[in-house]
$ cat input02.pdb   # PDB, C-alpha atoms and all ligand atoms
ATOM      1  CA  MET A   1     -30.342  12.932  11.991
ATOM      2  CA  ILE A   2     -29.695  13.410  15.664
ATOM      3  CA  ILE A   3     -31.592  11.559  18.368
ATOM      4  CA  ALA A   4     -30.791  13.128  21.724
ATOM      5  CA  ALA A   5     -31.667  11.636  25.099
ATOM      6  CA  ASN A   6     -32.325  14.124  27.875
ATOM      7  CA  TRP A   7     -32.227  12.071  31.041
ATOM      8  CA  LYS A   8     -33.031  15.144  33.185
ATOM      9  CA  MET A   9     -32.836  14.406  36.948
ATOM     10  CA  ASN A  10     -33.571  10.707  36.617
ATOM     11  CA  LEU A  11     -31.871   7.354  37.266
ATOM     12  CA  LEU A  12     -29.609   6.154  40.068
ATOM     13  CA  GLY A  13     -25.984   5.384  39.327
ATOM     14  CA  HIS A  14     -26.455   1.682  38.604
ATOM     15  CA  ASP A  15     -29.466   2.418  36.357
ATOM     16  CA  ALA A  16     -27.449   4.987  34.444
ATOM     17  CA  ARG A  17     -24.676   2.440  33.946
ATOM     18  CA  ASP A  18     -27.112  -0.154  32.604
ATOM     19  CA  LEU A  19     -28.880   2.285  30.332
ATOM     20  CA  ALA A  20     -25.604   3.716  29.017
ATOM     21  CA  SER A  21     -24.452   0.271  27.960
ATOM     22  CA  GLU A  22     -27.822  -0.329  26.258
ATOM     23  CA  PHE A  23     -27.327   2.923  24.380
ATOM     24  CA  GLN A  24     -23.889   1.749  23.346
ATOM     25  CA  LYS A  25     -25.486  -1.383  21.853
ATOM     26  CA  ILE A  26     -28.136   0.681  20.063
ATOM     27  CA  ALA A  27     -25.432   2.903  18.566
ATOM     28  CA  LYS A  28     -23.278  -0.055  17.534
ATOM     29  CA  ASN A  29     -26.108  -2.032  16.011
ATOM     30  CA  GLN A  30     -27.398   0.633  13.713
ATOM     31  CA  SER A  31     -26.266   0.138  10.174
ATOM     32  CA  VAL A  32     -26.602   3.765   9.131
ATOM     33  CA  SER A  33     -23.922   5.888  10.714
ATOM     34  CA  ASP A  34     -25.612   9.163   9.901
ATOM     35  CA  VAL A  35     -28.017   8.803  12.796
ATOM     36  CA  LYS A  36     -26.119  10.287  15.699
ATOM     37  CA  ILE A  37     -27.161   9.571  19.274
ATOM     38  CA  LEU A  38     -26.543  12.058  22.079
ATOM     39  CA  ILE A  39     -26.972  11.562  25.810
ATOM     40  CA  PHE A  40     -27.498  14.427  28.226
ATOM     41  CA  PRO A  41     -27.022  12.680  31.575
ATOM     42  CA  PRO A  42     -27.088  14.125  35.070
ATOM     43  CA  ALA A  43     -23.595  15.587  35.483
ATOM     44  CA  LEU A  44     -22.661  13.057  38.163
ATOM     45  CA  TYR A  45     -22.827  10.297  35.571
ATOM     46  CA  ALA A  46     -20.370  11.937  33.181
ATOM     47  CA  ASP A  47     -17.767   9.181  33.491
ATOM     48  CA  ILE A  48     -20.313   6.395  33.174
ATOM     49  CA  VAL A  49     -21.603   7.859  29.935
ATOM     50  CA  ASN A  50     -18.245   8.970  28.623
ATOM     51  CA  ASP A  51     -17.027   5.374  28.831
ATOM     52  CA  VAL A  52     -19.583   4.198  26.265
ATOM     53  CA  CYS A  53     -19.262   7.095  23.799
ATOM     54  CA  ASP A  54     -17.239   6.735  20.610
ATOM     55  CA  ASP A  55     -17.962  10.311  19.466
ATOM     56  CA  GLU A  56     -18.882   9.038  16.054
ATOM     57  CA  ARG A  57     -22.295   7.499  16.602
ATOM     58  CA  LEU A  58     -22.661   8.291  20.290
ATOM     59  CA  SER A  59     -21.645  11.464  22.159
ATOM     60  CA  TRP A  60     -22.748  13.169  25.334
ATOM     61  CA  GLY A  61     -23.172  16.627  26.800
ATOM     62  CA  GLY A  62     -24.119  18.615  29.878
ATOM     63  CA  GLN A  63     -27.720  19.549  30.652
ATOM     64  CA  ASN A  64     -26.673  22.982  31.842
ATOM     65  CA  THR A  65     -23.585  25.153  32.264
ATOM     66  CA  HIS A  66     -22.560  28.137  34.332
ATOM     67  CA  ILE A  67     -21.597  31.149  32.230
ATOM     68  CA  ALA A  68     -18.128  31.521  33.802
ATOM     69  CA  ARG A  69     -15.151  29.206  33.269
ATOM     70  CA  PHE A  70     -14.168  28.878  36.945
ATOM     71  CA  GLY A  71     -14.858  30.654  40.192
ATOM     72  CA  ALA A  72     -16.712  30.880  43.443
ATOM     73  CA  HIS A  73     -20.006  29.367  42.239
ATOM     74  CA  THR A  74     -20.793  26.574  44.654
ATOM     75  CA  GLY A  75     -22.626  23.695  43.062
ATOM     76  CA  ASP A  76     -22.152  24.852  39.487
ATOM     77  CA  ILE A  77     -20.270  23.303  36.598
ATOM     78  CA  SER A  78     -18.686  25.071  33.640
ATOM     79  CA  ALA A  79     -18.796  24.154  29.968
ATOM     80  CA  GLU A  80     -15.033  23.867  29.956
ATOM     81  CA  MET A  81     -15.193  21.357  32.814
ATOM     82  CA  TYR A  82     -17.628  19.276  30.822
ATOM     83  CA  ARG A  83     -15.347  19.438  27.823
ATOM     84  CA  SER A  84     -12.376  18.370  29.917
ATOM     85  CA  VAL A  85     -14.056  15.073  30.823
ATOM     86  CA  GLY A  86     -15.203  14.208  27.326
ATOM     87  CA  ALA A  87     -18.436  16.107  26.616
ATOM     88  CA  ARG A  88     -18.896  17.254  23.043
ATOM     89  CA  TYR A  89     -22.326  18.907  23.365
ATOM     90  CA  GLN A  90     -24.102  21.326  25.653
ATOM     91  CA  LEU A  91     -27.831  21.656  26.182
ATOM     92  CA  VAL A  92     -28.838  25.283  26.668
ATOM     93  CA  GLY A  93     -32.128  26.965  27.493
ATOM     94  CA  HIS A  94     -34.319  23.975  28.272
ATOM     95  CA  SER A  95     -37.784  25.168  29.315
ATOM     96  CA  GLU A  96     -37.442  23.426  32.677
ATOM     97  CA  ARG A  97     -34.362  25.542  33.416
ATOM     98  CA  ARG A  98     -36.102  28.647  32.133
ATOM     99  CA  ALA A  99     -38.957  27.897  34.555
ATOM    100  CA  ASP A 100     -37.144  26.388  37.565
ATOM    101  CA  HIS A 101     -34.102  28.664  37.529
ATOM    102  CA  LYS A 102     -35.544  31.747  35.860
ATOM    103  CA  GLU A 103     -32.973  31.558  33.080
ATOM    104  CA  SER A 104     -33.509  34.517  30.763
ATOM    105  CA  ASP A 105     -32.739  34.708  27.060
ATOM    106  CA  SER A 106     -29.675  36.846  27.760
ATOM    107  CA  TYR A 107     -28.404  34.396  30.379
ATOM    108  CA  ILE A 108     -29.001  31.600  27.891
ATOM    109  CA  GLY A 109     -27.009  33.587  25.340
ATOM    110  CA  ALA A 110     -24.158  33.834  27.847
ATOM    111  CA  GLN A 111     -24.339  30.059  28.256
ATOM    112  CA  LEU A 112     -24.010  29.713  24.482
ATOM    113  CA  ARG A 113     -20.930  31.891  24.719
ATOM    114  CA  ALA A 114     -19.444  29.685  27.455
ATOM    115  CA  ALA A 115     -20.181  26.515  25.507
ATOM    116  CA  HIS A 116     -18.822  27.915  22.266
ATOM    117  CA  GLU A 117     -15.648  29.134  23.945
ATOM    118  CA  ALA A 118     -15.206  25.679  25.453
ATOM    119  CA  GLY A 119     -15.406  24.183  21.964
ATOM    120  CA  LEU A 120     -18.731  22.409  22.431
ATOM    121  CA  HIS A 121     -21.604  21.898  20.030
ATOM    122  CA  MET A 122     -24.706  23.598  21.373
ATOM    123  CA  VAL A 123     -28.339  22.492  21.424
ATOM    124  CA  LEU A 124     -30.444  25.598  22.041
ATOM    125  CA  CYS A 125     -33.963  24.783  23.259
ATOM    126  CA  VAL A 126     -36.830  27.097  22.415
ATOM    127  CA  GLY A 127     -40.587  26.763  22.594
ATOM    128  CA  GLU A 128     -43.821  28.529  23.347
ATOM    129  CA  GLN A 129     -46.331  28.102  26.177
ATOM    130  CA  LEU A 130     -49.837  26.898  25.364
ATOM    131  CA  ASP A 131     -51.444  30.310  25.832
ATOM    132  CA  GLN A 132     -48.887  31.838  23.484
ATOM    133  CA  ARG A 133     -49.749  29.270  20.807
ATOM    134  CA  GLU A 134     -53.462  29.819  21.317
ATOM    135  CA  ALA A 135     -52.946  33.562  20.928
ATOM    136  CA  GLY A 136     -51.205  32.959  17.589
ATOM    137  CA  ASP A 137     -47.836  34.101  18.917
ATOM    138  CA  ALA A 138     -45.885  30.846  18.771
ATOM    139  CA  GLU A 139     -43.552  31.783  15.907
ATOM    140  CA  LYS A 140     -42.917  35.229  17.319
ATOM    141  CA  VAL A 141     -42.066  33.825  20.759
ATOM    142  CA  VAL A 142     -39.715  31.194  19.381
ATOM    143  CA  THR A 143     -37.872  33.398  16.913
ATOM    144  CA  GLU A 144     -37.437  36.063  19.589
ATOM    145  CA  GLN A 145     -35.954  33.496  21.956
ATOM    146  CA  ILE A 146     -33.383  32.606  19.313
ATOM    147  CA  ALA A 147     -32.635  36.224  18.395
ATOM    148  CA  ARG A 148     -32.202  37.351  22.012
ATOM    149  CA  ALA A 149     -29.876  34.490  22.872
ATOM    150  CA  LEU A 150     -27.769  35.011  19.768
ATOM    151  CA  ASP A 151     -27.546  38.698  20.510
ATOM    152  CA  GLU A 152     -25.123  37.768  23.307
ATOM    153  CA  VAL A 153     -22.707  36.025  20.964
ATOM    154  CA  LYS A 154     -22.672  38.443  18.041
ATOM    155  CA  GLU A 155     -18.909  38.502  17.825
ATOM    156  CA  TYR A 156     -18.853  34.742  17.241
ATOM    157  CA  LEU A 157     -21.246  34.884  14.299
ATOM    158  CA  PRO A 158     -21.391  33.552  11.699
ATOM    159  CA  ASP A 159     -18.914  30.827  12.799
ATOM    160  CA  LEU A 160     -20.979  29.773  15.805
ATOM    161  CA  TRP A 161     -23.762  28.612  13.480
ATOM    162  CA  ASP A 162     -21.574  25.652  12.477
ATOM    163  CA  ASN A 163     -21.948  24.204  15.963
ATOM    164  CA  LEU A 164     -25.474  25.311  16.791
ATOM    165  CA  ILE A 165     -28.475  22.996  16.768
ATOM    166  CA  ILE A 166     -31.949  24.268  17.606
ATOM    167  CA  ALA A 167     -34.423  22.113  19.532
ATOM    168  CA  TYR A 168     -38.029  23.212  19.124
ATOM    169  CA  GLU A 169     -39.898  22.061  22.205
ATOM    170  CA  PRO A 170     -43.414  23.430  22.696
ATOM    171  CA  VAL A 171     -43.609  23.686  26.488
ATOM    172  CA  TRP A 172     -47.125  22.237  26.580
ATOM    173  CA  ALA A 173     -45.900  19.068  24.825
ATOM    174  CA  ILE A 174     -43.036  18.269  27.198
ATOM    175  CA  GLY A 175     -43.759  15.285  29.402
ATOM    176  CA  THR A 176     -47.490  15.586  28.792
ATOM    177  CA  GLY A 177     -47.993  12.907  26.165
ATOM    178  CA  ARG A 178     -49.390  15.613  23.940
ATOM    179  CA  VAL A 179     -47.471  16.009  20.680
ATOM    180  CA  ALA A 180     -47.727  18.999  18.388
ATOM    181  CA  GLU A 181     -49.586  18.310  15.151
ATOM    182  CA  PRO A 182     -47.198  17.368  12.329
ATOM    183  CA  GLN A 183     -48.389  20.366  10.315
ATOM    184  CA  ASP A 184     -47.572  22.702  13.220
ATOM    185  CA  VAL A 185     -44.175  21.106  13.713
ATOM    186  CA  PHE A 186     -43.379  21.498  10.018
ATOM    187  CA  GLN A 187     -44.526  25.106  10.013
ATOM    188  CA  MET A 188     -42.524  26.032  13.080
ATOM    189  CA  HIS A 189     -39.349  24.279  11.902
ATOM    190  CA  LYS A 190     -39.625  26.027   8.544
ATOM    191  CA  ALA A 191     -40.197  29.357  10.286
ATOM    192  CA  ILE A 192     -37.096  28.786  12.437
ATOM    193  CA  ALA A 193     -35.034  27.811   9.397
ATOM    194  CA  ASP A 194     -36.172  30.850   7.408
ATOM    195  CA  TYR A 195     -35.651  33.195  10.315
ATOM    196  CA  CYS A 196     -32.133  31.919  10.975
ATOM    197  CA  THR A 197     -31.055  32.285   7.359
ATOM    198  CA  HIS A 198     -33.006  35.402   6.346
ATOM    199  CA  SER A 199     -33.029  37.469   9.535
ATOM    200  CA  LEU A 200     -30.077  36.229  11.557
ATOM    201  CA  GLY A 201     -27.543  35.668   8.798
ATOM    202  CA  ALA A 202     -26.990  31.940   9.214
ATOM    203  CA  PRO A 203     -24.927  30.757   6.218
ATOM    204  CA  GLN A 204     -27.207  27.711   6.051
ATOM    205  CA  ARG A 205     -30.115  26.626   8.151
ATOM    206  CA  PRO A 206     -29.182  24.930  11.428
ATOM    207  CA  GLN A 207     -30.253  21.393  12.221
ATOM    208  CA  ILE A 208     -33.597  21.526  14.003
ATOM    209  CA  LEU A 209     -34.765  18.838  16.430
ATOM    210  CA  TYR A 210     -38.311  18.413  17.695
ATOM    211  CA  GLY A 211     -38.917  17.698  21.374
ATOM    212  CA  GLY A 212     -42.074  17.058  23.369
ATOM    213  CA  SER A 213     -43.497  13.585  24.022
ATOM    214  CA  VAL A 214     -41.617  11.906  21.196
ATOM    215  CA  LYS A 215     -42.184   8.143  21.297
ATOM    216  CA  ALA A 216     -41.503   5.222  18.985
ATOM    217  CA  SER A 217     -45.151   5.403  17.854
ATOM    218  CA  ASN A 218     -45.033   9.023  16.649
ATOM    219  CA  ALA A 219     -41.358   9.359  15.720
ATOM    220  CA  GLN A 220     -41.569   8.214  12.131
ATOM    221  CA  THR A 221     -44.328  10.697  11.264
ATOM    222  CA  LEU A 222     -42.291  13.516  12.786
ATOM    223  CA  PHE A 223     -39.006  12.486  11.173
ATOM    224  CA  ALA A 224     -40.631  12.261   7.759
ATOM    225  CA  LEU A 225     -41.375  16.010   7.879
ATOM    226  CA  ASP A 226     -39.143  18.425   6.014
ATOM    227  CA  TYR A 227     -36.987  20.527   8.325
ATOM    228  CA  VAL A 228     -37.132  17.924  11.117
ATOM    229  CA  ASP A 229     -33.616  16.622  11.680
ATOM    230  CA  GLY A 230     -34.219  14.462  14.715
ATOM    231  CA  ALA A 231     -35.550  14.641  18.241
ATOM    232  CA  LEU A 232     -34.773  15.622  21.791
ATOM    233  CA  VAL A 233     -36.335  12.908  23.913
ATOM    234  CA  GLY A 234     -37.080  13.027  27.628
ATOM    235  CA  GLY A 235     -39.345  10.351  29.087
ATOM    236  CA  ALA A 236     -38.872   7.798  26.300
ATOM    237  CA  SER A 237     -35.081   8.064  26.618
ATOM    238  CA  LEU A 238     -35.219   6.377  30.021
ATOM    239  CA  GLN A 239     -36.241   3.025  28.597
ATOM    240  CA  GLN A 240     -34.062   1.092  26.241
ATOM    241  CA  ASP A 241     -36.986  -0.270  24.177
ATOM    242  CA  ALA A 242     -38.693   3.059  23.738
ATOM    243  CA  PHE A 243     -35.475   4.800  22.781
ATOM    244  CA  SER A 244     -34.303   2.129  20.359
ATOM    245  CA  GLY A 245     -37.711   2.347  18.678
ATOM    246  CA  ILE A 246     -37.153   6.061  18.085
ATOM    247  CA  VAL A 247     -33.680   5.442  16.679
ATOM    248  CA  ALA A 248     -35.151   2.744  14.426
ATOM    249  CA  ALA A 249     -37.719   5.253  13.149
ATOM    250  CA  ALA A 250     -34.917   7.683  12.301
ATOM    251  CA  ILE A 251     -33.033   4.985  10.439
ATOM    252  CA  ALA A 252     -36.166   3.974   8.541
ATOM    253  CA  VAL A 253     -36.799   7.557   7.437
ATOM    254  CA  GLN A 254     -33.144   8.039   6.571
ATOM    255  CA  LYS A 255     -33.204   5.006   4.315
ATOM    256  CA  GLY A 256     -36.420   6.436   2.895
TER     257      GLY A 256
HETATM  258  P1  LIG B   1     -40.437  14.510  26.904
HETATM  259  O1  LIG B   1     -39.309  15.609  27.213
HETATM  260  O2  LIG B   1     -39.916  13.675  25.758
HETATM  261  O3  LIG B   1     -40.559  13.728  28.181
HETATM  262  O4  LIG B   1     -41.666  15.259  26.538
HETATM  263  C1  LIG B   1     -38.649  16.258  26.169
HETATM  264  C2  LIG B   1     -37.666  17.257  26.711
HETATM  265  O5  LIG B   1     -37.960  17.895  27.720
HETATM  266  O6  LIG B   1     -36.577  17.426  26.138
END

$ encode --input "input02.pdb" --output "structure tokens" --more "lines below"
Ligand code: PGA
Amino acid sequence: MIIAANWKMNLLGHDARDLASEFQKIAKNQSVSDVKILIFPPALYADIVNDVCDDERLSWGGQNTHIARFGAHTGDISAEMYRSVGARYQLVGHSERRADHKESDSYIGAQLRAAHEAGLHMVLCVGEQLDQREAGDAEKVVTEQIARALDEVKEYLPDLWDNLIIAYEPVWAIGTGRVAEPQDVFQMHKAIADYCTHSLGAPQRPQILYGGSVKASNAQTLFALDYVDGALVGGASLQQDAFSGIVAAAIAVQKG
């Protein structure tokens, strides 16, 4: 299981330092090493977070990458730069970037390419809007997002699958306190798994995380579902108690 913390554009430097050391304690204290914790901090806090990561139980990654390695792109950061200061993961295609920065599926695919070429594991975020779910199009929207992004990295398939994690995040559940129904989460994760193996040629199904208002109180129900391999956590990753509760739920399910 993977429990990933997406800190987004939150925390000041001293808060990030405190929270990072709390995360280090959470990672150290857990008795089951197959729950892996990831932190996606604001890029400025790379060193702070890198200092606490052991890359066995705790690793970190960038929230976003430019598609080029280097160049005249003021304010941007490349996947290779992240890698050079200790990142092991790269978040790609978060719905907030799709909305705020108009990132398209093909641009997101190019980001996968950049991350893969830099030797990073990738967490590809996908998810439908509420009106798309209500129209019965959720699975179509999500599988198309995956297919279009992967279309940009065809020459790296099937190997790229080894380092690709999918995060299913229904847009209407992010930061709203509204969680998808367990049955819907199960159905979507199964649809993603089937689509990846049957239609996109994945040698085995990728790990699939759920994201969208995950909290300690709902985590265990979600983690108990087949095809749910962990969570991508926003709001609840900013508080040590809330996050450690989610990790504890993963451990409890793991021990089964
Ligand atoms: P949330 O965010 O947990 O605050 O809903 C999840 C995410 O955006 O990854």

$ closest_residue --input "input02.pdb" --among "A:Trp161, A:Tyr195, A:Phe186, A:Trp172" --to "ligand LIG 1 (chain B)" --atoms "all atoms listed in the file"
A:Trp172

$ residues_around --input "input02.pdb" --residues "Asp51 in chain A" --least-positions-apart "3" --cutoff "10 Å" --atoms "only C-alpha atoms" --output "VMD selection string"
chain A and resid 17 20 to 21 24 46 to 48 54 86

$ closest_residue --input "input02.pdb" --among "A:Ala5, A:Leu222, A:Ala27, A:Ile251" --to "ligand LIG 1 (chain B)" --atoms "all atoms listed in the file"
A:Ala5

$ residues_around --input "input02.pdb" --residues "Asp18 in chain A" --least-positions-apart "5" --cutoff "12 Å" --atoms "only C-alpha atoms" --output "VMD selection string"
chain A and resid 11 to 13 23 to 25 45 48 to 49 52 238 to 240

$ write_last_selection --input "input02.pdb" --atoms "C-alpha atoms" --output "compact mmCIF listing (two decimals), in the coordinates of the input"
# COMPACT_ATOMS: atom_id res chain seq x y z
CA LEU A 11 -31.87 7.35 37.27
CA LEU A 12 -29.61 6.15 40.07
CA GLY A 13 -25.98 5.38 39.33
CA PHE A 23 -27.33 2.92 24.38
CA GLN A 24 -23.89 1.75 23.35
CA LYS A 25 -25.49 -1.38 21.85
CA TYR A 45 -22.83 10.30 35.57
CA ILE A 48 -20.31 6.40 33.17
CA VAL A 49 -21.60 7.86 29.94
CA VAL A 52 -19.58 4.20 26.26
CA LEU A 238 -35.22 6.38 30.02
CA GLN A 239 -36.24 3.02 28.60
CA GLN A 240 -34.06 1.09 26.24

$ residues_near_ligand --input "input02.pdb" --ligand "ligand LIG 1 (chain B)" --cutoff "7 Å" --atoms "only C-alpha atoms and all ligand atoms" --output "VMD selection string"
chain A and resid 6 169 173 to 177 211 to 214 232 to 236

$ decode --input "input02.pdb" --residues "range 97-118 of chain A" --atoms "N, CA and C atoms" --output "CSV table (one decimal), in the first residue's frame"
chain,number,residue,atom,x,y,z
A,97,ARG,N,-4.1,21.1,-11.5
A,97,ARG,CA,-3.2,21.6,-12.6
A,97,ARG,C,-4.0,21.6,-13.9
A,98,ARG,N,-4.8,20.5,-14.1
A,98,ARG,CA,-5.6,20.5,-15.3
A,98,ARG,C,-6.5,21.8,-15.4
A,99,ALA,N,-7.0,22.1,-14.2
A,99,ALA,CA,-7.9,23.3,-14.2
A,99,ALA,C,-7.2,24.6,-14.2
A,100,ASP,N,-6.2,24.8,-13.3
A,100,ASP,CA,-5.5,26.1,-13.1
A,100,ASP,C,-4.6,26.4,-14.3
A,101,HIS,N,-4.0,25.4,-14.8
A,101,HIS,CA,-2.9,25.6,-15.8
A,101,HIS,C,-3.3,25.0,-17.2
A,102,LYS,N,-4.5,24.6,-17.3
A,102,LYS,CA,-5.0,24.1,-18.6
A,102,LYS,C,-4.2,22.9,-19.1
A,103,GLU,N,-3.7,22.1,-18.2
A,103,GLU,CA,-2.9,21.0,-18.7
A,103,GLU,C,-3.7,20.0,-19.4
A,104,SER,N,-3.4,19.7,-20.6
A,104,SER,CA,-4.2,18.7,-21.5
A,104,SER,C,-3.6,17.3,-21.3
A,105,ASP,N,-4.4,16.3,-21.7
A,105,ASP,CA,-3.9,14.9,-21.6
A,105,ASP,C,-2.6,14.8,-22.4
A,106,SER,N,-2.4,15.4,-23.5
A,106,SER,CA,-1.2,15.2,-24.3
A,106,SER,C,0.0,15.9,-23.5
A,107,TYR,N,-0.3,17.0,-22.9
A,107,TYR,CA,0.8,17.7,-22.1
A,107,TYR,C,1.2,16.8,-20.9
A,108,ILE,N,0.1,16.2,-20.3
A,108,ILE,CA,0.4,15.3,-19.2
A,108,ILE,C,1.2,14.1,-19.6
A,109,GLY,N,0.9,13.6,-20.8
A,109,GLY,CA,1.7,12.5,-21.4
A,109,GLY,C,3.1,12.9,-21.6
A,110,ALA,N,3.3,14.1,-22.0
A,110,ALA,CA,4.7,14.6,-22.2
A,110,ALA,C,5.4,14.7,-20.8
A,111,GLN,N,4.6,15.0,-19.8
A,111,GLN,CA,5.2,15.1,-18.4
A,111,GLN,C,5.6,13.7,-18.0
A,112,LEU,N,4.8,12.7,-18.3
A,112,LEU,CA,5.1,11.3,-18.0
A,112,LEU,C,6.4,11.0,-18.7
A,113,ARG,N,6.6,11.4,-19.9
A,113,ARG,CA,7.8,11.1,-20.6
A,113,ARG,C,9.0,11.7,-19.9
A,114,ALA,N,8.9,13.0,-19.5
A,114,ALA,CA,10.0,13.6,-18.8
A,114,ALA,C,10.3,12.9,-17.5
A,115,ALA,N,9.3,12.5,-16.8
A,115,ALA,CA,9.5,11.9,-15.5
A,115,ALA,C,10.1,10.5,-15.7
A,116,HIS,N,9.6,9.8,-16.7
A,116,HIS,CA,10.2,8.4,-17.0
A,116,HIS,C,11.6,8.5,-17.4
A,117,GLU,N,11.9,9.5,-18.2
A,117,GLU,CA,13.3,9.7,-18.7
A,117,GLU,C,14.2,10.1,-17.6
A,118,ALA,N,13.7,10.8,-16.6
A,118,ALA,CA,14.5,11.2,-15.4
A,118,ALA,C,14.6,10.0,-14.4
